[in-house]
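upload-v4.csv follows; it contains CSV, C-alpha atoms.
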chain,number,residue,atom,x,y,z
A,1,ASN,CA,43.8,120.5,23.1
A,2,ALA,CA,45.7,117.2,23.2
A,3,GLY,CA,49.3,118.5,23.7
A,4,VAL,CA,51.7,115.6,23.7
A,5,THR,CA,50.2,112.2,23.2
A,6,GLN,CA,52.1,109.0,23.8
A,7,THR,CA,51.1,105.4,23.0
A,8,PRO,CA,51.0,102.9,24.5
A,9,LYS,CA,50.5,103.8,28.1
A,10,PHE,CA,51.7,100.4,29.4
A,11,GLN,CA,53.7,97.6,27.7
A,12,VAL,CA,55.2,94.3,28.8
A,13,LEU,CA,57.9,92.8,26.6
A,14,LYS,CA,60.0,89.7,26.7
A,15,THR,CA,63.8,90.1,26.5
A,16,GLY,CA,64.8,90.3,22.8
A,17,GLN,CA,61.4,91.6,21.5
A,18,SER,CA,61.2,94.8,19.7
A,19,MET,CA,58.7,97.7,19.9
A,20,THR,CA,58.2,101.3,19.0
A,21,LEU,CA,56.9,104.0,21.3
A,22,GLN,CA,54.9,106.6,19.5
A,23,CYS,CA,54.7,110.3,20.3
A,24,ALA,CA,52.8,113.0,18.6
A,25,GLN,CA,52.3,116.7,19.4
A,26,ASP,CA,49.7,119.1,18.0
A,27,MET,CA,51.3,122.4,19.2
A,28,ASN,CA,53.5,122.9,16.1
A,29,HIS,CA,56.6,122.6,18.3
A,30,ASN,CA,60.0,122.4,16.6
A,31,SER,CA,61.9,120.3,19.2
A,32,MET,CA,61.0,116.9,20.5
A,33,TYR,CA,62.7,114.7,23.2
A,34,TRP,CA,62.6,111.2,24.6
A,35,TYR,CA,63.5,110.7,28.3
A,36,ARG,CA,63.5,107.8,30.6
A,37,GLN,CA,62.7,108.0,34.3
A,38,ASP,CA,64.1,105.5,36.8
A,39,PRO,CA,63.8,105.7,40.6
A,40,GLY,CA,66.3,107.9,42.2
A,41,MET,CA,67.8,109.0,38.9
A,42,GLY,CA,65.5,111.8,37.7
A,43,LEU,CA,64.9,112.0,34.0
A,44,ARG,CA,67.6,111.1,31.5
A,45,LEU,CA,67.7,112.2,27.9
A,46,ILE,CA,67.7,109.3,25.4
A,47,TYR,CA,67.5,111.2,22.0
A,48,TYR,CA,66.2,114.5,20.9
A,49,SER,CA,65.2,116.2,17.6
A,50,ALA,CA,65.9,119.9,17.4
A,51,SER,CA,63.8,120.3,14.3
A,52,GLU,CA,62.2,118.1,11.6
A,53,GLY,CA,64.8,116.0,9.9
A,54,THR,CA,67.4,116.1,12.6
A,55,THR,CA,68.0,113.8,15.5
A,56,ASP,CA,70.8,113.6,18.1
A,57,LYS,CA,71.9,111.3,20.9
A,58,GLY,CA,71.3,112.3,24.5
A,59,GLU,CA,72.8,110.9,27.7
A,60,VAL,CA,71.7,107.3,27.4
A,61,PRO,CA,71.1,106.4,23.7
A,62,ASN,CA,72.4,102.8,23.7
A,63,GLY,CA,69.8,100.2,22.7
A,64,TYR,CA,67.5,102.8,21.2
A,65,ASN,CA,66.8,104.4,17.8
A,66,VAL,CA,64.5,107.3,16.9
A,67,SER,CA,62.7,108.6,13.9
A,68,ARG,CA,61.4,112.2,13.4
A,69,LEU,CA,58.7,111.2,11.0
A,70,ASN,CA,57.4,114.8,10.5
A,71,LYS,CA,57.1,117.8,12.6
A,72,ARG,CA,54.4,116.2,14.7
A,73,GLU,CA,55.7,112.8,15.4
A,74,PHE,CA,58.8,111.4,17.1
A,75,SER,CA,59.1,107.7,17.7
A,76,LEU,CA,61.4,105.7,19.9
A,77,ARG,CA,62.3,102.1,18.9
A,78,LEU,CA,63.8,99.3,21.0
A,79,GLU,CA,65.2,96.8,18.6
A,80,SER,CA,66.0,94.1,21.1
A,81,ALA,CA,64.6,94.8,24.6
A,82,ALA,CA,66.6,94.1,27.7
A,83,PRO,CA,65.5,94.1,31.4
A,84,SER,CA,67.7,97.2,31.9
A,85,GLN,CA,65.2,99.1,29.7
A,86,THR,CA,62.4,98.6,32.1
A,87,SER,CA,61.5,102.2,32.9
A,88,VAL,CA,58.9,105.0,32.4
A,89,TYR,CA,59.4,106.8,29.1
A,90,PHE,CA,58.4,110.4,28.5
A,91,CYS,CA,58.2,112.2,25.3
A,92,ALA,CA,58.4,116.0,25.4
A,93,SER,CA,58.2,118.9,23.0
A,94,ARG,CA,59.1,122.6,23.0
A,95,ARG,CA,58.3,125.6,20.9
A,96,ALA,CA,61.6,127.4,21.3
A,97,TRP,CA,64.4,127.8,23.8
A,98,ASN,CA,62.7,130.4,26.0
A,99,TYR,CA,59.6,128.2,26.6
A,100,GLY,CA,59.1,125.3,29.0
A,101,TYR,CA,58.9,121.7,27.8
A,102,THR,CA,55.5,120.0,27.6
A,103,PHE,CA,55.6,116.3,28.5
A,104,GLY,CA,53.4,113.5,27.5
A,105,SER,CA,51.8,111.2,30.1
A,106,GLY,CA,54.4,108.5,29.8
A,107,THR,CA,54.7,104.9,28.8
A,108,ARG,CA,55.5,102.4,31.5
A,109,LEU,CA,57.6,99.6,30.0
A,110,THR,CA,58.5,96.4,31.7
A,111,VAL,CA,60.9,93.9,30.1
A,112,VAL,CA,60.9,90.4,31.5
B,1,GLU,CA,79.6,116.2,32.4
B,2,ASP,CA,76.7,118.4,33.4
B,3,LYS,CA,75.4,117.8,36.9
B,4,VAL,CA,72.3,118.8,38.8
B,5,VAL,CA,71.8,118.0,42.5
B,6,GLN,CA,68.7,118.5,44.5
B,7,SER,CA,68.2,118.5,48.2
B,8,PRO,CA,66.6,117.3,50.3
B,9,LEU,CA,65.6,114.1,48.4
B,10,SER,CA,62.5,113.9,50.5
B,11,LEU,CA,60.6,116.1,52.9
B,12,VAL,CA,57.5,115.6,55.0
B,13,VAL,CA,55.6,118.6,56.3
B,14,HIS,CA,52.2,119.6,57.6
B,15,GLU,CA,49.7,121.8,55.9
B,16,GLY,CA,50.5,125.4,56.4
B,17,ASP,CA,54.2,124.9,56.6
B,18,THR,CA,56.7,126.7,54.3
B,19,VAL,CA,59.2,124.6,52.5
B,20,THR,CA,62.4,125.4,50.6
B,21,LEU,CA,63.7,123.1,47.9
B,22,ASN,CA,67.3,123.4,46.7
B,23,CYS,CA,68.9,122.8,43.4
B,24,SER,CA,72.6,123.2,42.7
B,25,TYR,CA,74.2,122.7,39.3
B,26,GLU,CA,77.5,122.4,37.3
B,27,VAL,CA,77.0,122.9,33.6
B,28,THR,CA,79.0,124.3,30.8
B,29,ASN,CA,77.3,127.0,28.8
B,30,PHE,CA,74.3,127.5,31.1
B,31,ARG,CA,71.2,128.7,29.4
B,32,SER,CA,68.3,128.3,31.8
B,33,LEU,CA,67.0,126.5,34.9
B,34,LEU,CA,63.6,125.0,35.0
B,35,TRP,CA,61.4,123.7,37.8
B,36,TYR,CA,58.7,121.0,37.3
B,37,LYS,CA,56.1,119.4,39.5
B,38,GLN,CA,55.4,115.7,38.9
B,39,GLU,CA,52.3,114.1,40.5
B,40,LYS,CA,51.2,110.8,39.1
B,41,LYS,CA,52.2,111.2,35.5
B,42,ALA,CA,53.8,113.8,33.4
B,43,PRO,CA,55.9,116.6,34.8
B,44,THR,CA,54.2,120.0,34.6
B,45,PHE,CA,56.1,123.2,34.0
B,46,LEU,CA,56.4,125.6,36.9
B,47,PHE,CA,59.2,128.2,36.2
B,48,MET,CA,62.0,129.0,33.9
B,49,LEU,CA,64.8,131.1,35.2
B,50,THR,CA,67.5,132.6,33.1
B,51,SER,CA,68.7,135.7,35.0
B,52,SER,CA,70.3,135.9,38.4
B,53,GLY,CA,68.5,137.5,41.3
B,54,ILE,CA,65.1,137.8,39.6
B,55,GLU,CA,62.3,136.1,41.5
B,56,LYS,CA,59.6,134.2,39.6
B,57,LYS,CA,56.3,133.9,41.4
B,58,SER,CA,53.1,132.0,40.9
B,59,GLY,CA,50.6,132.0,43.8
B,60,ARG,CA,52.3,130.4,46.7
B,61,LEU,CA,55.3,129.2,44.7
B,62,SER,CA,58.3,131.3,44.0
B,63,SER,CA,61.8,130.6,42.7
B,64,ILE,CA,65.1,132.5,42.4
B,65,LEU,CA,68.3,131.8,40.7
B,66,ASP,CA,71.9,132.6,41.7
B,67,LYS,CA,74.2,132.2,38.7
B,68,LYS,CA,77.3,133.2,40.7
B,69,GLU,CA,76.8,130.5,43.3
B,70,LEU,CA,75.2,128.1,40.8
B,71,PHE,CA,72.0,127.3,42.6
B,72,SER,CA,68.3,127.9,42.7
B,73,ILE,CA,65.6,127.6,45.4
B,74,LEU,CA,61.9,126.8,45.1
B,75,ASN,CA,59.8,128.1,47.9
B,76,ILE,CA,56.3,127.0,48.7
B,77,THR,CA,54.4,128.9,51.4
B,78,ALA,CA,51.3,127.8,53.3
B,79,THR,CA,51.6,124.2,51.9
B,80,GLN,CA,48.5,122.2,51.0
B,81,THR,CA,48.0,118.5,50.5
B,82,GLY,CA,47.8,119.1,46.8
B,83,ASP,CA,51.4,120.3,46.8
B,84,SER,CA,52.5,116.7,47.5
B,85,ALA,CA,54.5,115.7,44.5
B,86,ILE,CA,58.0,115.2,43.2
B,87,TYR,CA,59.7,118.5,42.3
B,88,LEU,CA,62.2,118.3,39.6
B,89,CYS,CA,64.9,120.8,38.8
B,90,ALA,CA,66.5,120.8,35.3
B,91,VAL,CA,69.2,122.9,33.8
B,92,GLU,CA,69.5,123.6,30.1
B,93,ALA,CA,72.9,124.0,28.5
B,94,LEU,CA,74.0,124.9,25.0
B,95,SER,CA,76.3,122.4,23.4
B,96,GLY,CA,77.8,123.3,20.0
B,97,THR,CA,75.1,123.4,17.5
B,98,SER,CA,72.7,121.5,19.7
B,99,TYR,CA,69.5,123.2,20.4
B,100,GLY,CA,69.6,122.7,24.1
B,101,LYS,CA,69.4,119.7,26.3
B,102,LEU,CA,68.0,119.4,29.8
B,103,THR,CA,69.9,117.7,32.6
B,104,PHE,CA,67.5,116.8,35.5
B,105,GLY,CA,68.2,116.4,39.2
B,106,GLN,CA,67.0,113.4,41.1
B,107,GLY,CA,64.0,115.2,42.3
B,108,THR,CA,62.6,116.1,45.8
B,109,ILE,CA,59.7,114.1,47.0
B,110,LEU,CA,57.4,116.4,49.0
B,111,THR,CA,54.7,115.0,51.2
B,112,VAL,CA,52.2,117.3,52.9
B,113,HIS,CA,50.1,115.9,55.7
B,114,PRO,CA,46.8,117.4,56.7
Could you show the structure in this file as structure tokens?
Amino acid sequence: NAGVTQTPKFQVLKTGQSMTLQCAQDMNHNSMYWYRQDPGMGLRLIYYSASEGTTDKGEVPNGYNVSRLNKREFSLRLESAAPSQTSVYFCASRRAWNYGYTFGSGTRLTVV
Amino acid sequence: EDKVVQSPLSLVVHEGDTVTLNCSYEVTNFRSLLWYKQEKKAPTFLFMLTSSGIEKKSGRLSSILDKKELFSILNITATQTGDSAIYLCAVEALSGTSYGKLTFGQGTILTVHP
């Protein structure tokens, strides 16, 4: 009963490097989301995918791209990492609007 | 712009105390309000509220929504050290054809001392 699985759990990047954060859910949920969490700012939505084949920008999309590879997987890519992208990243999924969101355990990313 | 404000930002109590956490919001096309508990890692779901005046309850935790005054409270009675966590309030709004996006508050850091 894995739920939402994120990889990697920790990552250190140099400014300008690229990387992809992976997220997979095994609950057959339609919607998937990427959030970042910074101290004192709660969680902020980066991108979301309401269903397979669709993606939309959230509150803070600049510097990120996403791919909804299939119903299970939703990846987040940083093309050219910047120190301002140092954060904890959470992936979440949801079955339908009247259900709560299930979060992954997070990826702690540091950009130096 | 949708906005969610939680208060207090932090709270320190002793075991057995009762606490009330507040969440006020300003959103267009309100759909639901959700409460999450975050310990070391992922937020875990507590409650979803969609209707005004109906209390949701789970053990020592309860929550109620006031859609007229645009706020919600989360009550925890007989607090335990295991209740120490960040409590997050989030509001979901509909936006055009968008499925529904959550806006989170800053969170309330609750510390329960033995």
- Message: Using Å and a single decimal, report how far CA of Thr111 (chain B) sits from CA of Tyr35 (chain A).
- Response: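 These two atoms are separated by 24.9 Å.
If you measure from each of A:Tyr89, A:Phe10, A:Trp34, A:Phe74 to Glu52 (chain A) using only C-alpha atoms, the closest one turns out to be A:Phe74.
All of the residues in chain A within 6 Å of chain B are Gly40, Met41, Gly42, Leu43, Ala50, Phe103, Gly104 and Ser105 of chain A, where all atoms listed in the file were counted.
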- Task: Could you jot down the CA of His113 (chain B) to CA of Ser84 (chain B) separation for me, Å, one decimal place?
- Result: 8.6 Å
Could you pull out every residue with an atom within 6 Å of (66.7, 90.6, 25.1), file coordinates, counting all atoms listed in the file, and send them as a PDB file with C-alpha atoms, in the frame of the given file?
ATOM      1  CA  THR A  15      63.800  90.100  26.500  1.00  0.00           C
ATOM      2  CA  GLY A  16      64.800  90.300  22.800  1.00  0.00           C
ATOM      3  CA  SER A  80      66.000  94.100  21.100  1.00  0.00           C
ATOM      4  CA  ALA A  81      64.600  94.800  24.600  1.00  0.00           C
ATOM      5  CA  ALA A  82      66.600  94.100  27.700  1.00  0.00           C
TER       6      ALA A  82
END
- Task: Might you pull out every residue within 10 Å of Val112 (chain B), with all atoms listed in the file counted and same-chain residues fewer than 3 positions away left off, and present them as a ChimeraX atom specification?
- Result: /B:11-17,79-85
- Task: Skip Ser49 (chain A) itself and residues of its chain fewer than 4 positions away, then list as a PyMOL selection string all residues within 7 Å of it, counting all atoms listed in the file.
- Result: chain A and resi 31-33+54-56+68
- Atomic distance CA of Ser67 (chain A) - CA of Asn98 (chain A), expressed in Å with one decimal: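 Taking CA of Ser67 (chain A) and CA of Asn98 (chain A), their separation equals 24.9 Å.
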- Task: Please determine the residues with any atom at most 12 Å from (78.8, 133.0, 37.3) (coordinates as given in the file, with only C-alpha atoms counting) and report them as a PyMOL selection string.
- Result: chain B and resi 25-31+51-53+65-71
- Would you kindly return, as a PyMOL selection string, each protein, DNA or RNA residue with an atom no farther than 8 Å from any atom of Asn28 (chain A), considering all atoms listed in the file and excluding same-chain residues fewer than 6 positions away? chain A and resi 71-72+95
